[in-house]
Amino acid sequence: METFLQDVRYALRTLRKSPGFVVVAVLALALGIGANSAVFSVVNGVLLKPPPFSQPERLVHVWGNYAKADLKDIWVSVPEYRDYLTMPKVFSSVGVYAEENVTLTGGDSPERLHAVFSTASLFPTLGVSPVLGRAFTEEEETPGRERVLLLTHKAWRARFAEDPKVLGRELQLDGNTYTVVGVLPPGVEYPAGAEVYVPFAPSADKTAETTRGNHYLAMVARLKPGVTLPVAQADLVRVGREMETLYPGNYKDLGWSISVRSLEDEVVGDVRGTLWLLLGAVGFVLMVACGSVANLLLARAAAREREVSIRAALGAGRGRLVAQFLTESFVLSGVGGTLGLLLAVWGTDVLVAMVGEGLPRATEVRLDVTSVLFTLGVTVLTGVVFGLVPALQSSRADLSATMREGARGTQGRKSSRLRSGLVVGQVAFALVLLVGAGLFMRSFHALGNVDAGFTPEGVLTGEVTLPASNYGKPEEKRAFQQELLRRVRALPGVEAAGAANMLPLGGRSDTSFDIEGRERAPGEMWPAVETRFATTDYLSALRVRLLDGRMLQETDGPETEGAVVINKAFADLYWPKGNALGQRVKLHRADSRWTTVVGIVEDLREWGLDAPARPTAYYAAAQTPLTYVKLAVRVKQGKPESLRTALEAELRGLDANLPMFNVSSMTQRVDQSIGSRRLSAVLMGLFAGTALLLAALGISGVIGYSVAQRTREMGIRMALGAGRGDVLMLVLRQGLGLVGVGLGVGLMLSLGLVRLLSTLLFGVGTYDPWTFGAVPLVLVGVALLATWLPARRATRVDPIIALKAD
């Protein structure tokens, strides 16, 4: 220990003499370590940390599929849920739930809560028990029983300050009284955003109980011990065949199948590949940083050869010298790691904010003990990586040669080769990052240029849910939406206002349908159509272009013949000859009737900007009143957010017990829908820019050191008649030679790695010629600039002084 402390003190004294070197090295390491720690914190919270369920690897999500209707990953109906309770042989338990927004009243102002209506079996299936109170019982699923609810730990903390006396407290949800009977453990918020859980009673709705096509329940199942996912999938194939036999009218010849996926995959979604890619990319940045610091250490070691030789002459062994140089490396990495950890605290919050609500398990992302241990490990590993080679190289001093008066270091040639190799590696890694950044930026640019089919600028959106207790009848819902829109349209500055059951980019709501006079072949089923129920002026508020016919009108009410506006994709698919107007269609819904196509509009990207427009039908909300009122209000000028206060005031004037939630501009909604892609583009750009800067420093350092070592050679060349241009080209060729080798290695790595990006890109090929053409040019340009400065110094060498110097 005394020897170690002595080495640390000596390292600090030595490093204090080179403040410039220390600042550059520490900043390079802090950037690399801090970025790795921040990205790892996100990866750990989203991907690595197990969900807060018992044996989560045994939990699966079950989906139905109608291949011939192009309906994939559909929820289950109540009759199907009852089938899944008994027919599969691989499930030990099954639970279902449905999500809904409810209104909490009784406080200073009404609040919106994200409620989950679940069976009592959901919690044993998840393996979750309340930390306070109890869970539901099966008896409480019976209609007419006392209404009870469970709070999530987050809701308990936010609304009741973790008061244990919350048990037995009564809450008013949608006008009904519920009693709090339990509080769930921290982190249990499944599905995402859940705040309260209330019992779901399948038998309460007789229509839902008997209709197999009424798919509105999500289902979670727990596999029996020893059952794997492939075994479960094989058993569900059998179950699907049995259902076809028992209920041929619902499943047979429709491409029916059942799929099962792990619950963890369902929760994580499509961000898994992106996060692993970012972690790998930031690892490349750290390697480039290590290369830069290693180069700096090699340069210092060359200047300290005489010091090392003296210490060796006084009896210091090679191991002792290596230990001293590694101690200096660990001091640098320790300071860099400490600063990097501070950067990670800030960087983690920035990463989560950049993605927004699009990041699953975002509440579990934090700089915890695991992240700190990871940072510590990276710091130690970094100290070894960039310090070991210079330490070994420096400890091989030729004592007799170095001690001769005026002799140059004997390690110059080997050190030069090492430094050149490190630069080649830096250039190669920088090229890989630049290629990745170029592809993601072009992909994000292509996504931003997608014609969404509407104009988001100048539109304010907000949502209102109508509780059945006060708005149970269609005429009550219809009167509410008409009066609310009348008030909103009368506000100063409003150009148009409408509402629908779902806003653009809000997800799927597809339904199968029939076309009047067109018979399907036996077993044939047309692809499902996206269904939207909209008021008049909804499409106008979004500035959706009318291509033919007319928009929905106030006269399209419940007493008139049904009217529907379809999009171009719908018309082109089923009426390619252009005779869609006047045709009649009927959805496969219990409350549907034949409706006439009265207009054709431009395609909207309802599922997302990166998803192609699907056939979509817009039905008059006056004919099917809205329970979920999602407003779209266009302002004449200025920022739409300025209308928020007035909009909420009009709602309070209409019904003081209804809150408006998710109030934001449509532009914000669009930005949020592409948050993960923006994160990839921005971070890859930052990582690539950092790597490029570090590589430039490495090139400049190597060439600068080479020029210093070859001062005598330069003087001889100029004394023999070489011009300054010749010397300049000599140095430039050396720098560009290293870059050329690095480009070759980097291109080979890039061609192999870009295949992994194919599923993460949009509108650009993995072998995009613009990217692969521009990136090497950028690197060459930066390398020329980095080489130019030491090359200019070489041309200013005075031959007489250079010859005298030796």
# chains A, B, ... in the order shown; residues from 1 in each chain; ligands from 1
>>> closest_atom_pairs(of="segment 612-722 of chain A", to="segment 473-489 of chain A", cutoff="9 Å", atoms="only C-alpha atoms", output="Markdown table")
| residue | atom | partner | partner_atom | distance |
| --- | --- | --- | --- | --- |
| A:Ala621 | CA | A:Arg478 | CA | 8.0 |
| A:Ala622 | CA | A:Arg478 | CA | 6.2 |
| A:Gln623 | CA | A:Arg478 | CA | 8.7 |
| A:Thr624 | CA | A:Pro474 | CA | 7.6 |
| A:Pro625 | CA | A:Arg478 | CA | 5.3 |
| A:Leu626 | CA | A:Lys477 | CA | 6.4 |
| A:Thr627 | CA | A:Lys477 | CA | 6.9 |
| A:Val629 | CA | A:Gln481 | CA | 7.4 |
| A:Leu631 | CA | A:Leu485 | CA | 8.7 |
| A:Val633 | CA | A:Val488 | CA | 8.0 |
| A:Ala646 | CA | A:Val488 | CA | 8.5 |
| A:Leu647 | CA | A:Val488 | CA | 6.6 |
| A:Glu650 | CA | A:Arg487 | CA | 6.6 |
| A:Leu651 | CA | A:Leu484 | CA | 6.9 |
| A:Leu654 | CA | A:Leu484 | CA | 7.1 |
>>> residues_around(residues="Val227 of chain A", least_positions_apart="3", cutoff="12 Å", atoms="only C-alpha atoms", output="PDB file with N, CA and C atoms, in the first residue's frame")
ATOM      1  N   GLU A  57     -40.015 -14.081 -16.902  1.00  0.00           N
ATOM      2  CA  GLU A  57     -39.732 -14.837 -18.126  1.00  0.00           C
ATOM      3  C   GLU A  57     -40.869 -15.794 -18.481  1.00  0.00           C
ATOM      4  N   ARG A  58     -41.778 -16.064 -17.558  1.00  0.00           N
ATOM      5  CA  ARG A  58     -42.892 -16.965 -17.837  1.00  0.00           C
ATOM      6  C   ARG A  58     -44.159 -16.218 -18.254  1.00  0.00           C
ATOM      7  N   LEU A  59     -44.103 -14.902 -18.316  1.00  0.00           N
ATOM      8  CA  LEU A  59     -45.269 -14.111 -18.683  1.00  0.00           C
ATOM      9  C   LEU A  59     -45.306 -13.861 -20.186  1.00  0.00           C
ATOM     10  N   VAL A  60     -46.480 -14.019 -20.780  1.00  0.00           N
ATOM     11  CA  VAL A  60     -46.645 -13.827 -22.219  1.00  0.00           C
ATOM     12  C   VAL A  60     -47.895 -13.003 -22.483  1.00  0.00           C
ATOM     13  N   LYS A  89     -53.206 -25.876 -22.783  1.00  0.00           N
ATOM     14  CA  LYS A  89     -52.614 -26.750 -21.780  1.00  0.00           C
ATOM     15  C   LYS A  89     -51.323 -26.174 -21.205  1.00  0.00           C
ATOM     16  N   VAL A  90     -50.940 -24.998 -21.661  1.00  0.00           N
ATOM     17  CA  VAL A  90     -49.628 -24.453 -21.294  1.00  0.00           C
ATOM     18  C   VAL A  90     -49.723 -23.296 -20.315  1.00  0.00           C
ATOM     19  N   PHE A  91     -50.942 -22.818 -19.997  1.00  0.00           N
ATOM     20  CA  PHE A  91     -51.104 -21.671 -19.105  1.00  0.00           C
ATOM     21  C   PHE A  91     -51.445 -22.139 -17.702  1.00  0.00           C
ATOM     22  N   SER A  92     -50.782 -21.544 -16.721  1.00  0.00           N
ATOM     23  CA  SER A  92     -51.156 -21.801 -15.330  1.00  0.00           C
ATOM     24  C   SER A  92     -52.179 -20.795 -14.837  1.00  0.00           C
ATOM     25  N   ARG A 222     -49.625 -16.690 -17.793  1.00  0.00           N
ATOM     26  CA  ARG A 222     -48.399 -17.214 -17.186  1.00  0.00           C
ATOM     27  C   ARG A 222     -48.219 -18.656 -17.630  1.00  0.00           C
ATOM     28  N   LEU A 223     -47.038 -18.931 -18.205  1.00  0.00           N
ATOM     29  CA  LEU A 223     -46.745 -20.277 -18.659  1.00  0.00           C
ATOM     30  C   LEU A 223     -46.509 -21.203 -17.468  1.00  0.00           C
ATOM     31  N   LYS A 224     -46.885 -22.450 -17.645  1.00  0.00           N
ATOM     32  CA  LYS A 224     -46.600 -23.441 -16.614  1.00  0.00           C
ATOM     33  C   LYS A 224     -45.088 -23.638 -16.504  1.00  0.00           C
ATOM     34  N   PRO A 230     -41.773 -21.515 -27.683  1.00  0.00           N
ATOM     35  CA  PRO A 230     -42.148 -22.331 -28.848  1.00  0.00           C
ATOM     36  C   PRO A 230     -43.178 -23.415 -28.513  1.00  0.00           C
ATOM     37  N   VAL A 231     -43.044 -24.023 -27.337  1.00  0.00           N
ATOM     38  CA  VAL A 231     -44.018 -25.051 -26.936  1.00  0.00           C
ATOM     39  C   VAL A 231     -45.397 -24.418 -26.761  1.00  0.00           C
ATOM     40  N   ALA A 232     -45.436 -23.231 -26.147  1.00  0.00           N
ATOM     41  CA  ALA A 232     -46.709 -22.534 -25.972  1.00  0.00           C
ATOM     42  C   ALA A 232     -47.324 -22.171 -27.312  1.00  0.00           C
ATOM     43  N   GLN A 233     -46.500 -21.714 -28.244  1.00  0.00           N
ATOM     44  CA  GLN A 233     -47.019 -21.351 -29.558  1.00  0.00           C
ATOM     45  C   GLN A 233     -47.599 -22.572 -30.276  1.00  0.00           C
ATOM     46  N   ALA A 234     -46.930 -23.706 -30.163  1.00  0.00           N
ATOM     47  CA  ALA A 234     -47.432 -24.928 -30.798  1.00  0.00           C
ATOM     48  C   ALA A 234     -48.778 -25.338 -30.205  1.00  0.00           C
ATOM     49  N   ASP A 235     -48.936 -25.208 -28.903  1.00  0.00           N
ATOM     50  CA  ASP A 235     -50.202 -25.561 -28.266  1.00  0.00           C
ATOM     51  C   ASP A 235     -51.317 -24.618 -28.699  1.00  0.00           C
TER      52      ASP A 235
END
>>> residues_around(residues="segment 66-72 of chain A", least_positions_apart="2", cutoff="12 Å", atoms="only C-alpha atoms", output="ChimeraX atom specification")
/A:62-64,74-76,213,215,240,250-260,508-514,520-530,588,614-615
>>> write_last_selection(atoms="C-alpha atoms", output="compact mmCIF listing (two decimals), in the first residue's frame")
# COMPACT_ATOMS: atom_id res chain seq x y z
CA VAL A 62 -51.64 -13.46 -26.36
CA TRP A 63 -52.87 -12.02 -29.65
CA GLY A 64 -55.34 -13.08 -32.29
CA ILE A 74 -55.87 -8.00 -32.24
CA TRP A 75 -57.19 -8.18 -28.69
CA VAL A 76 -59.44 -10.90 -27.36
CA GLY A 213 -65.92 -10.36 -32.80
CA HIS A 215 -62.20 -7.61 -29.44
CA GLY A 240 -56.86 -22.16 -32.88
CA ASN A 250 -66.11 -16.67 -36.63
CA TYR A 251 -62.78 -18.25 -37.56
CA LYS A 252 -62.87 -20.87 -40.30
CA ASP A 253 -61.40 -19.85 -43.68
CA LEU A 254 -60.51 -16.39 -42.38
CA GLY A 255 -56.84 -17.03 -41.76
CA TRP A 256 -57.36 -17.28 -38.01
CA SER A 257 -54.31 -17.86 -35.83
CA ILE A 258 -53.14 -17.19 -32.28
CA SER A 259 -49.71 -15.75 -31.53
CA VAL A 260 -47.87 -15.43 -28.25
CA ARG A 508 -54.98 1.70 -35.04
CA SER A 509 -58.74 1.15 -34.99
CA ASP A 510 -59.38 -1.26 -37.84
CA THR A 511 -62.61 -3.08 -38.62
CA SER A 512 -63.67 -5.55 -41.30
CA PHE A 513 -66.51 -4.52 -43.63
CA ASP A 514 -68.77 -5.40 -46.55
CA ARG A 520 -66.87 -12.40 -51.47
CA ALA A 521 -65.65 -15.80 -52.48
CA PRO A 522 -66.07 -18.54 -49.83
CA GLY A 523 -63.43 -18.03 -47.16
CA GLU A 524 -62.42 -14.62 -48.55
CA MET A 525 -62.20 -11.62 -46.26
CA TRP A 526 -61.21 -8.15 -47.39
CA PRO A 527 -58.44 -6.31 -45.53
CA ALA A 528 -59.80 -4.33 -42.60
CA VAL A 529 -60.38 -0.61 -42.91
CA GLU A 530 -59.27 2.03 -40.42
CA HIS A 588 -68.81 -5.54 -39.08
CA ARG A 614 -54.05 2.44 -44.93
CA PRO A 615 -57.62 2.38 -46.26
>>> closest_residue(among="A:Val26, A:Val102, A:Val597, A:Val43", to="Gly175 of chain A", atoms="only C-alpha atoms")
A:Val102
>>> residues_around(residues="Glu170 of chain A", least_positions_apart="4", cutoff="9 Å", atoms="only C-alpha atoms", output="list in words")
Val148, Val166, Thr177, Tyr178, Thr179 and Val180 of chain A
>>> atom_distance(atom1="atom CA of Val365 of chain A", atom2="atom CA of Ile674 of chain A")
19.9 Å
